[in-house]
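What follows is the content of model.cif (mmCIF, C-alpha atoms).
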```
data_protein
loop_
_atom_site.group_PDB
_atom_site.id
_atom_site.type_symbol
_atom_site.label_atom_id
_atom_site.label_comp_id
_atom_site.auth_asym_id
_atom_site.auth_seq_id
_atom_site.Cartn_x
_atom_site.Cartn_y
_atom_site.Cartn_z
ATOM 1 C CA MET A 1 41.829 -2.603 -33.191
ATOM 2 C CA THR A 2 43.658 -5.349 -35.085
ATOM 3 C CA ALA A 3 41.546 -7.281 -37.573
ATOM 4 C CA PRO A 4 41.418 -11.043 -36.951
ATOM 5 C CA PRO A 5 42.887 -13.470 -39.477
ATOM 6 C CA VAL A 6 40.928 -14.259 -42.621
ATOM 7 C CA SER A 7 39.903 -17.618 -41.167
ATOM 8 C CA GLU A 8 38.174 -15.921 -38.222
ATOM 9 C CA PRO A 9 35.157 -13.853 -39.329
ATOM 10 C CA ILE A 10 34.396 -10.993 -36.966
ATOM 11 C CA ARG A 11 31.648 -11.679 -34.435
ATOM 12 C CA ASP A 12 30.733 -8.247 -33.155
ATOM 13 C CA PRO A 13 30.400 -7.793 -29.382
ATOM 14 C CA GLY A 14 29.305 -4.165 -29.697
ATOM 15 C CA PRO A 15 25.982 -2.587 -28.704
ATOM 16 C CA GLY A 16 23.001 -3.967 -30.615
ATOM 17 C CA ALA A 17 25.157 -6.546 -32.372
ATOM 18 C CA PRO A 18 23.693 -9.980 -33.116
ATOM 19 C CA PRO A 19 26.101 -12.410 -31.390
ATOM 20 C CA ASP A 20 25.326 -15.226 -33.816
ATOM 21 C CA LYS A 21 26.006 -13.307 -37.036
ATOM 22 C CA GLU A 22 29.225 -12.512 -38.844
ATOM 23 C CA VAL A 23 30.271 -9.042 -39.896
ATOM 24 C CA ALA A 24 30.443 -9.058 -43.688
ATOM 25 C CA LEU A 25 31.410 -5.415 -44.271
ATOM 26 C CA GLU A 26 32.833 -2.781 -41.987
ATOM 27 C CA GLY A 27 33.687 0.867 -42.428
ATOM 28 C CA ARG A 28 35.904 2.732 -39.970
ATOM 29 C CA GLY A 29 36.131 6.499 -40.025
ATOM 30 C CA LEU A 30 35.000 6.799 -43.642
ATOM 31 C CA ARG A 31 35.284 10.316 -44.995
ATOM 32 C CA LYS A 32 34.697 11.806 -48.442
ATOM 33 C CA THR A 33 34.780 15.431 -49.533
ATOM 34 C CA TYR A 34 34.063 17.136 -52.827
ATOM 35 C CA GLY A 35 35.844 20.477 -52.671
ATOM 36 C CA PRO A 36 34.320 22.377 -49.728
ATOM 37 C CA ILE A 37 31.454 19.878 -49.389
ATOM 38 C CA THR A 38 31.808 17.029 -46.901
ATOM 39 C CA ALA A 39 29.646 14.186 -48.208
ATOM 40 C CA VAL A 40 30.623 11.598 -45.577
ATOM 41 C CA ASP A 41 32.173 12.619 -42.287
ATOM 42 C CA GLY A 42 33.850 9.942 -40.153
ATOM 43 C CA VAL A 43 31.265 7.179 -40.528
ATOM 44 C CA ASP A 44 31.663 3.875 -38.664
ATOM 45 C CA LEU A 45 29.330 1.021 -39.517
ATOM 46 C CA ARG A 46 29.066 -2.740 -39.671
ATOM 47 C CA ILE A 47 26.927 -4.822 -42.017
ATOM 48 C CA TYR A 48 26.001 -8.361 -40.963
ATOM 49 C CA ARG A 49 25.428 -11.550 -42.923
ATOM 50 C CA GLY A 50 21.827 -12.718 -42.964
ATOM 51 C CA GLU A 51 20.473 -9.236 -42.268
ATOM 52 C CA ILE A 52 18.950 -6.455 -44.313
ATOM 53 C CA THR A 53 20.505 -3.170 -43.219
ATOM 54 C CA ALA A 54 18.656 -0.085 -44.429
ATOM 55 C CA ILE A 55 20.464 3.244 -44.690
ATOM 56 C CA VAL A 56 18.104 6.210 -44.634
ATOM 57 C CA GLY A 57 18.463 9.963 -44.662
ATOM 58 C CA ASP A 58 17.397 13.097 -46.466
ATOM 59 C CA ASN A 59 18.846 14.100 -49.825
ATOM 60 C CA GLY A 60 22.526 14.900 -49.345
ATOM 61 C CA ALA A 61 22.771 12.921 -46.099
ATOM 62 C CA GLY A 62 25.636 10.840 -47.486
ATOM 63 C CA LYS A 63 23.916 7.474 -47.725
ATOM 64 C CA SER A 64 24.555 6.848 -51.430
ATOM 65 C CA THR A 65 28.162 8.005 -51.162
ATOM 66 C CA THR A 66 28.700 5.634 -48.241
ATOM 67 C CA VAL A 67 27.311 2.667 -50.153
ATOM 68 C CA LYS A 68 29.317 3.597 -53.251
ATOM 69 C CA MET A 69 32.506 3.325 -51.181
ATOM 70 C CA PHE A 70 31.689 -0.331 -50.509
ATOM 71 C CA ALA A 71 30.788 -0.765 -54.185
ATOM 72 C CA GLY A 72 34.146 0.596 -55.325
ATOM 73 C CA ALA A 73 32.444 3.434 -57.199
ATOM 74 C CA VAL A 74 33.769 6.092 -54.784
ATOM 75 C CA VAL A 75 37.184 6.005 -53.103
ATOM 76 C CA PRO A 76 37.170 7.436 -49.549
ATOM 77 C CA ASP A 77 39.598 10.230 -48.732
ATOM 78 C CA SER A 78 40.341 8.556 -45.405
ATOM 79 C CA GLY A 79 39.157 5.672 -43.280
ATOM 80 C CA GLN A 80 39.232 1.929 -43.751
ATOM 81 C CA ILE A 81 36.996 -0.690 -45.352
ATOM 82 C CA LEU A 82 37.101 -4.293 -44.170
ATOM 83 C CA VAL A 83 35.552 -7.330 -45.836
ATOM 84 C CA GLU A 84 35.035 -10.229 -43.443
ATOM 85 C CA GLY A 85 37.677 -8.744 -41.152
ATOM 86 C CA ARG A 86 40.284 -8.080 -43.846
ATOM 87 C CA PRO A 87 41.311 -4.516 -44.681
ATOM 88 C CA VAL A 88 40.796 -4.022 -48.410
ATOM 89 C CA SER A 89 41.313 -1.294 -50.983
ATOM 90 C CA LEU A 90 38.290 -0.905 -53.261
ATOM 91 C CA ARG A 91 39.544 1.381 -56.004
ATOM 92 C CA ASN A 92 36.891 0.442 -58.571
ATOM 93 C CA PRO A 93 33.803 -1.788 -58.966
ATOM 94 C CA GLN A 94 35.981 -4.674 -60.172
ATOM 95 C CA ASP A 95 37.797 -4.682 -56.819
ATOM 96 C CA ALA A 96 34.444 -4.882 -55.014
ATOM 97 C CA ARG A 97 33.249 -7.731 -57.219
ATOM 98 C CA ARG A 98 36.414 -9.667 -56.509
ATOM 99 C CA GLU A 99 35.462 -9.400 -52.834
ATOM 100 C CA GLY A 100 31.994 -10.794 -53.577
ATOM 101 C CA ILE A 101 30.205 -7.439 -53.340
ATOM 102 C CA GLU A 102 27.515 -6.786 -55.954
ATOM 103 C CA THR A 103 25.494 -3.616 -56.426
ATOM 104 C CA VAL A 104 22.104 -2.856 -57.953
ATOM 105 C CA PHE A 105 22.002 0.854 -58.770
ATOM 106 C CA GLN A 106 18.923 2.856 -59.734
ATOM 107 C CA ASP A 107 19.875 2.793 -63.423
ATOM 108 C CA LEU A 108 20.195 -1.052 -63.259
ATOM 109 C CA ALA A 109 23.203 -1.117 -65.649
ATOM 110 C CA LEU A 110 21.469 -3.616 -67.941
ATOM 111 C CA ALA A 111 21.919 -3.925 -71.693
ATOM 112 C CA PRO A 112 18.372 -3.352 -73.049
ATOM 113 C CA ASN A 113 19.034 -5.049 -76.390
ATOM 114 C CA ARG A 114 20.243 -8.283 -74.755
ATOM 115 C CA ASP A 115 18.257 -11.066 -73.100
ATOM 116 C CA VAL A 116 18.262 -12.308 -69.518
ATOM 117 C CA VAL A 117 21.045 -14.840 -70.039
ATOM 118 C CA GLN A 118 23.321 -12.336 -71.723
ATOM 119 C CA ASN A 119 22.690 -9.746 -69.007
ATOM 120 C CA LEU A 120 23.250 -12.221 -66.195
ATOM 121 C CA PHE A 121 26.712 -13.050 -67.540
ATOM 122 C CA LEU A 122 27.511 -9.645 -69.054
ATOM 123 C CA GLY A 123 31.275 -9.182 -68.885
ATOM 124 C CA ARG A 124 31.658 -12.537 -67.133
ATOM 125 C CA GLU A 125 30.684 -14.937 -69.888
ATOM 126 C CA LEU A 126 31.388 -18.656 -69.521
ATOM 127 C CA LEU A 127 33.625 -20.310 -72.080
ATOM 128 C CA ARG A 128 33.395 -23.817 -73.465
ATOM 129 C CA PRO A 129 35.802 -26.310 -71.876
ATOM 130 C CA GLY A 130 38.990 -27.361 -73.628
ATOM 131 C CA LEU A 131 40.318 -26.009 -76.894
ATOM 132 C CA LEU A 132 37.080 -24.260 -77.861
ATOM 133 C CA GLY A 133 37.168 -22.238 -74.671
ATOM 134 C CA ARG A 134 40.760 -21.246 -75.264
ATOM 135 C CA THR A 135 39.717 -19.843 -78.620
ATOM 136 C CA GLY A 136 36.941 -17.775 -76.996
ATOM 137 C CA VAL A 137 33.864 -19.889 -77.811
ATOM 138 C CA LEU A 138 31.052 -19.175 -75.320
ATOM 139 C CA ASP A 139 29.290 -21.968 -73.432
ATOM 140 C CA LYS A 140 25.780 -20.712 -74.185
ATOM 141 C CA ARG A 141 24.057 -23.899 -73.059
ATOM 142 C CA GLU A 142 25.645 -23.767 -69.597
ATOM 143 C CA MET A 143 24.833 -20.070 -69.230
ATOM 144 C CA ARG A 144 21.194 -20.742 -70.136
ATOM 145 C CA ARG A 145 21.042 -23.571 -67.615
ATOM 146 C CA ARG A 146 22.486 -21.479 -64.801
ATOM 147 C CA ALA A 147 20.298 -18.477 -65.640
ATOM 148 C CA SER A 148 17.221 -20.701 -65.577
ATOM 149 C CA GLU A 149 18.238 -22.156 -62.210
ATOM 150 C CA GLN A 150 18.800 -18.688 -60.759
ATOM 151 C CA THR A 151 15.477 -17.207 -61.904
ATOM 152 C CA ASP A 152 13.589 -20.338 -60.779
ATOM 153 C CA ALA A 153 15.294 -20.332 -57.370
ATOM 154 C CA LEU A 154 14.242 -16.719 -56.777
ATOM 155 C CA GLY A 155 10.751 -17.239 -58.186
ATOM 156 C CA ILE A 156 11.188 -14.622 -60.903
ATOM 157 C CA ASP A 157 8.358 -14.751 -63.434
ATOM 158 C CA ILE A 158 9.894 -14.114 -66.851
ATOM 159 C CA PRO A 159 8.372 -15.778 -69.934
ATOM 160 C CA ARG A 160 11.680 -16.302 -71.747
ATOM 161 C CA ILE A 161 15.238 -15.936 -70.511
ATOM 162 C CA SER A 162 16.789 -16.118 -73.986
ATOM 163 C CA GLY A 163 15.871 -14.476 -77.263
ATOM 164 C CA HIS A 164 13.779 -11.744 -75.610
ATOM 165 C CA PRO A 165 15.475 -8.345 -75.062
ATOM 166 C CA ILE A 166 15.409 -6.878 -71.567
ATOM 167 C CA GLY A 167 14.223 -3.568 -73.033
ATOM 168 C CA LYS A 168 10.846 -5.116 -73.898
ATOM 169 C CA MET A 169 10.175 -6.221 -70.314
ATOM 170 C CA SER A 170 8.351 -4.324 -67.564
ATOM 171 C CA GLY A 171 10.225 -2.202 -65.051
ATOM 172 C CA GLY A 172 9.640 -4.793 -62.349
ATOM 173 C CA GLN A 173 10.973 -7.612 -64.519
ATOM 174 C CA ARG A 174 14.089 -5.606 -65.394
ATOM 175 C CA GLN A 175 14.690 -4.818 -61.735
ATOM 176 C CA ALA A 176 14.225 -8.492 -60.858
ATOM 177 C CA VAL A 177 16.816 -9.456 -63.459
ATOM 178 C CA ALA A 178 19.285 -6.921 -62.014
ATOM 179 C CA VAL A 179 18.715 -8.349 -58.531
ATOM 180 C CA ALA A 180 19.055 -11.929 -59.804
ATOM 181 C CA ARG A 181 22.350 -11.058 -61.475
ATOM 182 C CA GLY A 182 23.698 -9.496 -58.307
ATOM 183 C CA ALA A 183 22.552 -12.432 -56.193
ATOM 184 C CA TYR A 184 24.146 -14.913 -58.583
ATOM 185 C CA TRP A 185 27.601 -13.359 -58.347
ATOM 186 C CA ALA A 186 27.552 -12.049 -54.752
ATOM 187 C CA ARG A 187 29.450 -14.036 -52.133
ATOM 188 C CA THR A 188 29.589 -11.434 -49.384
ATOM 189 C CA ALA A 189 27.051 -8.653 -49.807
ATOM 190 C CA MET A 190 24.390 -7.197 -52.068
ATOM 191 C CA LEU A 191 24.034 -3.400 -52.151
ATOM 192 C CA MET A 192 20.684 -2.044 -53.388
ATOM 193 C CA ASP A 193 20.317 1.675 -54.084
ATOM 194 C CA GLU A 194 16.625 2.708 -54.280
ATOM 195 C CA PRO A 195 15.560 -0.568 -55.947
ATOM 196 C CA THR A 196 11.824 0.245 -55.848
ATOM 197 C CA ALA A 197 11.938 3.981 -56.609
ATOM 198 C CA ALA A 198 10.362 3.710 -60.079
ATOM 199 C CA LEU A 199 8.157 0.650 -59.487
ATOM 200 C CA GLY A 200 4.471 0.154 -58.770
ATOM 201 C CA LEU A 201 3.157 -1.497 -55.615
ATOM 202 C CA ARG A 202 3.046 -5.069 -56.951
ATOM 203 C CA GLU A 203 6.472 -4.884 -58.577
ATOM 204 C CA SER A 204 7.951 -3.245 -55.463
ATOM 205 C CA ARG A 205 6.717 -6.062 -53.248
ATOM 206 C CA LYS A 206 8.349 -8.621 -55.530
ATOM 207 C CA VAL A 207 11.709 -6.849 -55.378
ATOM 208 C CA LEU A 208 11.463 -6.556 -51.596
ATOM 209 C CA SER A 209 10.693 -10.269 -51.406
ATOM 210 C CA LEU A 210 13.824 -10.978 -53.458
ATOM 211 C CA ALA A 211 15.896 -8.910 -51.031
ATOM 212 C CA ARG A 212 14.607 -10.977 -48.107
ATOM 213 C CA GLN A 213 15.347 -14.234 -49.931
ATOM 214 C CA ILE A 214 18.912 -13.115 -50.573
ATOM 215 C CA ALA A 215 19.458 -12.201 -46.911
ATOM 216 C CA ASP A 216 17.973 -15.518 -45.824
ATOM 217 C CA ARG A 217 20.611 -17.248 -47.956
ATOM 218 C CA GLY A 218 23.244 -15.760 -45.658
ATOM 219 C CA LEU A 219 24.347 -12.735 -47.663
ATOM 220 C CA ALA A 220 24.504 -9.258 -46.190
ATOM 221 C CA VAL A 221 21.990 -6.936 -47.864
ATOM 222 C CA VAL A 222 22.230 -3.140 -47.760
ATOM 223 C CA LEU A 223 19.140 -1.214 -48.799
ATOM 224 C CA ILE A 224 18.969 2.500 -49.519
ATOM 225 C CA SER A 225 15.374 3.672 -49.690
ATOM 226 C CA HIS A 226 13.391 6.842 -49.061
ATOM 227 C CA ILE A 227 10.168 4.792 -48.811
ATOM 228 C CA LEU A 228 9.937 4.387 -45.044
ATOM 229 C CA PRO A 229 7.123 1.775 -45.045
ATOM 230 C CA HIS A 230 9.425 -0.499 -47.060
ATOM 231 C CA VAL A 231 12.231 0.126 -44.591
ATOM 232 C CA MET A 232 10.060 -0.666 -41.576
ATOM 233 C CA GLU A 233 8.675 -3.795 -43.215
ATOM 234 C CA LEU A 234 11.956 -5.212 -44.430
ATOM 235 C CA ALA A 235 14.940 -3.990 -42.440
ATOM 236 C CA ASP A 236 16.497 -5.862 -39.535
ATOM 237 C CA ARG A 237 18.699 -2.847 -38.815
ATOM 238 C CA VAL A 238 18.346 0.813 -39.800
ATOM 239 C CA ILE A 239 21.228 3.276 -39.985
ATOM 240 C CA VAL A 240 20.176 6.927 -40.074
ATOM 241 C CA MET A 241 22.472 9.498 -41.663
ATOM 242 C CA ARG A 242 22.283 13.282 -41.519
ATOM 243 C CA HIS A 243 24.730 15.836 -42.952
ATOM 244 C CA GLY A 244 27.247 13.101 -43.786
ATOM 245 C CA GLN A 245 27.251 11.558 -40.329
ATOM 246 C CA LYS A 246 25.709 8.448 -38.833
ATOM 247 C CA VAL A 247 23.329 9.732 -36.163
ATOM 248 C CA ALA A 248 21.512 6.554 -35.136
ATOM 249 C CA GLU A 249 21.407 2.788 -35.543
ATOM 250 C CA LEU A 250 18.143 1.027 -34.734
ATOM 251 C CA THR A 251 17.268 -2.649 -34.395
ATOM 252 C CA GLU A 252 13.948 -2.256 -32.538
ATOM 253 C CA ASP A 253 11.155 0.271 -32.062
ATOM 254 C CA ILE A 254 11.523 1.259 -35.710
ATOM 255 C CA SER A 255 8.575 3.527 -36.444
ATOM 256 C CA SER A 256 7.905 6.103 -39.122
ATOM 257 C CA ASP A 257 7.678 8.953 -36.599
ATOM 258 C CA ARG A 258 10.975 7.999 -35.002
ATOM 259 C CA LEU A 259 12.762 7.688 -38.339
ATOM 260 C CA VAL A 260 11.436 11.021 -39.597
ATOM 261 C CA ALA A 261 12.492 12.734 -36.362
ATOM 262 C CA LEU A 262 16.011 11.315 -36.663
ATOM 263 C CA ILE A 263 16.270 12.143 -40.366
ATOM 264 C CA VAL A 264 15.298 15.798 -39.918
ATOM 265 C CA GLY A 265 17.060 16.201 -36.575
ATOM 266 C CA VAL A 266 14.043 16.734 -34.346
ATOM 267 C CA ASP A 267 13.683 14.973 -31.009
ATOM 268 C CA ALA A 268 10.778 12.548 -31.249
ATOM 269 C CA HIS A 269 9.285 13.658 -27.911
ATOM 270 C CA ASP A 270 9.534 17.320 -28.877
ATOM 271 C CA ALA A 271 7.919 16.531 -32.231
ATOM 272 C CA ALA A 272 5.049 14.724 -30.506
ATOM 273 C CA ALA A 273 4.592 17.608 -28.056
ATOM 274 C CA ASP A 274 4.576 20.127 -30.918
ATOM 275 C CA ALA A 275 1.986 18.052 -32.756
ATOM 276 C CA GLU A 276 -0.248 17.918 -29.668
ATOM 277 C CA ALA A 277 0.137 21.671 -29.182
ATOM 278 C CA ASP A 278 -0.773 22.316 -32.820
ATOM 279 C CA THR A 279 -3.828 20.082 -32.495
ATOM 280 C CA ALA A 280 -4.929 21.895 -29.326
ATOM 281 C CA ALA A 281 -4.393 25.281 -30.972
ATOM 282 C CA ASP A 282 -6.406 24.224 -34.014
ATOM 283 C CA GLY A 283 -9.224 23.049 -31.714
ATOM 284 C CA ALA A 284 -9.245 26.328 -29.818
ATOM 285 C CA HIS A 285 -9.287 28.340 -33.035
ATOM 286 C CA SER A 286 -12.159 26.225 -34.341
ATOM 287 C CA ARG A 287 -14.222 26.845 -31.194
ATOM 288 C CA ARG A 288 -13.602 30.612 -31.381
ATOM 289 C CA THR A 289 -14.733 30.816 -34.988
ATOM 290 C CA ARG A 290 -18.013 28.935 -34.507
#
```

Now that the file is in, can you turn its structure into structure tokens?
Amino acid sequence: MTAPPVSEPIRDPGPGAPPDKEVALEGRGLRKTYGPITAVDGVDLRIYRGEITAIVGDNGAGKSTTVKMFAGAVVPDSGQILVEGRPVSLRNPQDARREGIETVFQDLALAPNRDVVQNLFLGRELLRPGLLGRTGVLDKREMRRRASEQTDALGIDIPRISGHPIGKMSGGQRQAVAVARGAYWARTAMLMDEPTAALGLRESRKVLSLARQIADRGLAVVLISHILPHVMELADRVIVMRHGQKVAELTEDISSDRLVALIVGVDAHDAAADAEADTAADGAHSRRTR
């Protein structure tokens, strides 16, 4: 298949594809091995603008490796990555950022001794206009203004965005800052790897709300999570991986039982029948022992 020109974003006619949404990211035949271990084995997938796509699977299913290929953190051994229909080579995270792809990893990659403003523009600081900028003078006022606009737009509750180190904030606030930074710089997609894994219920709900806001702005959002209630609540599309392969893609009838059956490789009907048989056996045993 020949990719369309840059000026013509892909509109996917395939099964389950939303006809009114553009394909932001695409992987074709992605494969990655580590010695004798095949982490990702011929995966094809498409990620759409305005949607939250969840990728689920057991440990070692290949979901994190797949997302890291789009983040530029892992280079596939074979296969092709396309951004808005253009074949690209993502050799490192800088390549991905140039394509408008931002990632929030579990470790957040924040500088704990710096404040919100400094973290938002870490490595991408704004310089003053004119001669001062050419000599490397930072435009701190403009960075504060933009950071304030970004946190206000996303409804992030942080007492102070400057002069207060990130390391003194709660886990939820730090995660919110990482998401806000990604959303500020992303033009194509936001990749989120287990963003609520270490958070409490209230903080998790705030991060999930941020993910929905970002998708509603028209960005593609990819969510890796092992918390299936979050997946069912939030995802527009769920990709299930097992043993390095994509085994299912769901856009409706997304239930916990169905996801678990796909993740572990058990047919949902067989699983239900086994459960009924176990229940009947337990009932019979209980009657015999009375």

Quiz item: If you apply the PyMOL selection byres ((chain A and resi 53-70) around 8) to this file, what residues do you get, as a VMD selection string?
Solution: chain A and resid 30 39 to 40 47 to 48 51 to 52 71 to 76 81 90 96 101 191 193 220 to 226 231 235 to 245 263 to 264

Practice problem: Enumerate, as a PyMOL selection string, the residues matched when the PyMOL selection byres ((chain A and resi 211) around 9) is run on the file above. | Solution: chain A and resi 52+179+190+192+206-210+212-216+221+223+234

Quiz item: Can you tell me, as an NGL selection string, what residues are no more than 9 Å from Gly171 of chain A when counting all atoms listed in the file, ignoring any on the same chain fewer than 6 positions away?
Solution: :A and (198-200 or 203)

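Residue neighbourhood of Gln118 of chain A, excluding near-sequence residues (fewer than 6 positions): Ala111, Glu125, Met143, Arg144, Ile161 and Ser162 of chain A, at 9 Å, using all atoms listed in the file.
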
The selected residues should be written to file as a short mmCIF file (atom, residue, chain, number, x, y, z; two decimals), keeping the file's coordinate frame (atoms: C-alpha atoms).
```cif
data_model
loop_
_atom_site.label_atom_id
_atom_site.label_comp_id
_atom_site.auth_asym_id
_atom_site.auth_seq_id
_atom_site.Cartn_x
_atom_site.Cartn_y
_atom_site.Cartn_z
CA ALA A 111 21.92 -3.92 -71.69
CA GLU A 125 30.68 -14.94 -69.89
CA MET A 143 24.83 -20.07 -69.23
CA ARG A 144 21.19 -20.74 -70.14
CA ILE A 161 15.24 -15.94 -70.51
CA SER A 162 16.79 -16.12 -73.99
#
```

Counting only C-alpha atoms, find residues at most 12 Å from (26.4, -10.7, -64.4) (file frame) and give them as a PDB file with C-alpha atoms, in the frame of the given file.
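Full text of part-v1.pdb as output:
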```
ATOM      1  CA  ARG A  97      33.249  -7.731 -57.219  1.00  0.00           C
ATOM      2  CA  GLU A 102      27.515  -6.786 -55.954  1.00  0.00           C
ATOM      3  CA  THR A 103      25.494  -3.616 -56.426  1.00  0.00           C
ATOM      4  CA  VAL A 104      22.104  -2.856 -57.953  1.00  0.00           C
ATOM      5  CA  LEU A 108      20.195  -1.052 -63.259  1.00  0.00           C
ATOM      6  CA  ALA A 109      23.203  -1.117 -65.649  1.00  0.00           C
ATOM      7  CA  LEU A 110      21.469  -3.616 -67.941  1.00  0.00           C
ATOM      8  CA  ALA A 111      21.919  -3.925 -71.693  1.00  0.00           C
ATOM      9  CA  ASP A 115      18.257 -11.066 -73.100  1.00  0.00           C
ATOM     10  CA  VAL A 116      18.262 -12.308 -69.518  1.00  0.00           C
ATOM     11  CA  VAL A 117      21.045 -14.840 -70.039  1.00  0.00           C
ATOM     12  CA  GLN A 118      23.321 -12.336 -71.723  1.00  0.00           C
ATOM     13  CA  ASN A 119      22.690  -9.746 -69.007  1.00  0.00           C
ATOM     14  CA  LEU A 120      23.250 -12.221 -66.195  1.00  0.00           C
ATOM     15  CA  PHE A 121      26.712 -13.050 -67.540  1.00  0.00           C
ATOM     16  CA  LEU A 122      27.511  -9.645 -69.054  1.00  0.00           C
ATOM     17  CA  GLY A 123      31.275  -9.182 -68.885  1.00  0.00           C
ATOM     18  CA  ARG A 124      31.658 -12.537 -67.133  1.00  0.00           C
ATOM     19  CA  GLU A 125      30.684 -14.937 -69.888  1.00  0.00           C
ATOM     20  CA  LEU A 126      31.388 -18.656 -69.521  1.00  0.00           C
ATOM     21  CA  MET A 143      24.833 -20.070 -69.230  1.00  0.00           C
ATOM     22  CA  ARG A 146      22.486 -21.479 -64.801  1.00  0.00           C
ATOM     23  CA  ALA A 147      20.298 -18.477 -65.640  1.00  0.00           C
ATOM     24  CA  GLN A 150      18.800 -18.688 -60.759  1.00  0.00           C
ATOM     25  CA  VAL A 177      16.816  -9.456 -63.459  1.00  0.00           C
ATOM     26  CA  ALA A 178      19.285  -6.921 -62.014  1.00  0.00           C
ATOM     27  CA  VAL A 179      18.715  -8.349 -58.531  1.00  0.00           C
ATOM     28  CA  ALA A 180      19.055 -11.929 -59.804  1.00  0.00           C
ATOM     29  CA  ARG A 181      22.350 -11.058 -61.475  1.00  0.00           C
ATOM     30  CA  GLY A 182      23.698  -9.496 -58.307  1.00  0.00           C
ATOM     31  CA  ALA A 183      22.552 -12.432 -56.193  1.00  0.00           C
ATOM     32  CA  TYR A 184      24.146 -14.913 -58.583  1.00  0.00           C
ATOM     33  CA  TRP A 185      27.601 -13.359 -58.347  1.00  0.00           C
ATOM     34  CA  ALA A 186      27.552 -12.049 -54.752  1.00  0.00           C
TER      35      ALA A 186
END
```

Quiz item: Out of A:Arg31, A:Arg128, A:Gly163, A:Arg174, which residue has the shortest atom-to-atom distance to Lys140 of chain A when counting only C-alpha atoms?
Solution: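 Closest to Lys140 of chain A, using only C-alpha atoms: A:Arg128.
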
Quiz item: Taking only C-alpha atoms into account, which of A:Ala197, A:Val266, A:Lys246, A:Gln173 comes nearest Pro159 of chain A?
Solution: A:Gln173

Exercise. Quick one: pull the distance between atom CA of Gln175 of chain A and atom CA of Thr196 of chain A, Å, one decimal.
Key: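 Result for atom CA of Gln175 of chain A versus atom CA of Thr196 of chain A: 8.3 Å, one decimal.
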
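Pairwise distance (atom CA of Ser148 of chain A, atom CA of His164 of chain A) equals 13.9 Å.
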
Exercise. Please indicate the distance in Å from atom CA of Arg28 of chain A to atom CA of Leu219 of chain A, rounded to one decimal place.
Key: 20.8 Å

Emit segment 161-175 of chain A of the structure in the block as a file comprising N, CA and C atoms, as an mmCIF file, in the first residue's frame.
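Output contents, as saved in result.cif:
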```
data_model
loop_
_atom_site.group_PDB
_atom_site.id
_atom_site.type_symbol
_atom_site.label_atom_id
_atom_site.label_comp_id
_atom_site.auth_asym_id
_atom_site.auth_seq_id
_atom_site.Cartn_x
_atom_site.Cartn_y
_atom_site.Cartn_z
ATOM 1 N N ILE A 161 3.208 27.576 40.314
ATOM 2 C CA ILE A 161 3.899 26.950 39.193
ATOM 3 C C ILE A 161 5.370 27.351 39.139
ATOM 4 N N SER A 162 5.757 28.351 39.931
ATOM 5 C CA SER A 162 7.176 28.736 39.958
ATOM 6 C C SER A 162 7.631 28.876 41.408
ATOM 7 N N GLY A 163 8.893 28.536 41.631
ATOM 8 C CA GLY A 163 9.463 28.663 42.964
ATOM 9 C C GLY A 163 9.110 27.541 43.918
ATOM 10 N N HIS A 164 8.446 26.489 43.428
ATOM 11 C CA HIS A 164 8.055 25.370 44.285
ATOM 12 C C HIS A 164 8.484 24.071 43.610
ATOM 13 N N PRO A 165 9.488 23.373 44.130
ATOM 14 C CA PRO A 165 10.020 22.180 43.455
ATOM 15 C C PRO A 165 8.969 21.094 43.271
ATOM 16 N N ILE A 166 9.036 20.431 42.133
ATOM 17 C CA ILE A 166 8.141 19.318 41.827
ATOM 18 C C ILE A 166 8.236 18.226 42.894
ATOM 19 N N GLY A 167 9.445 18.008 43.427
ATOM 20 C CA GLY A 167 9.650 16.936 44.390
ATOM 21 C C GLY A 167 8.846 17.086 45.660
ATOM 22 N N LYS A 168 8.346 18.285 45.950
ATOM 23 C CA LYS A 168 7.549 18.516 47.154
ATOM 24 C C LYS A 168 6.048 18.373 46.890
ATOM 25 N N MET A 169 5.674 18.032 45.678
ATOM 26 C CA MET A 169 4.262 17.883 45.334
ATOM 27 C C MET A 169 3.819 16.433 45.501
ATOM 28 N N SER A 170 2.499 16.225 45.508
ATOM 29 C CA SER A 170 1.956 14.868 45.611
ATOM 30 C C SER A 170 2.197 14.104 44.315
ATOM 31 N N GLY A 171 2.025 12.789 44.391
ATOM 32 C CA GLY A 171 2.207 11.962 43.198
ATOM 33 C C GLY A 171 1.238 12.349 42.096
ATOM 34 N N GLY A 172 0.001 12.652 42.467
ATOM 35 C CA GLY A 172 -0.983 13.054 41.470
ATOM 36 C C GLY A 172 -0.633 14.370 40.806
ATOM 37 N N GLN A 173 -0.123 15.326 41.590
ATOM 38 C CA GLN A 173 0.272 16.611 41.020
ATOM 39 C C GLN A 173 1.455 16.449 40.076
ATOM 40 N N ARG A 174 2.421 15.605 40.450
ATOM 41 C CA ARG A 174 3.572 15.376 39.577
ATOM 42 C C ARG A 174 3.133 14.715 38.271
ATOM 43 N N GLN A 175 2.228 13.739 38.378
ATOM 44 C CA GLN A 175 1.741 13.087 37.173
ATOM 45 C C GLN A 175 0.986 14.077 36.285
#
```
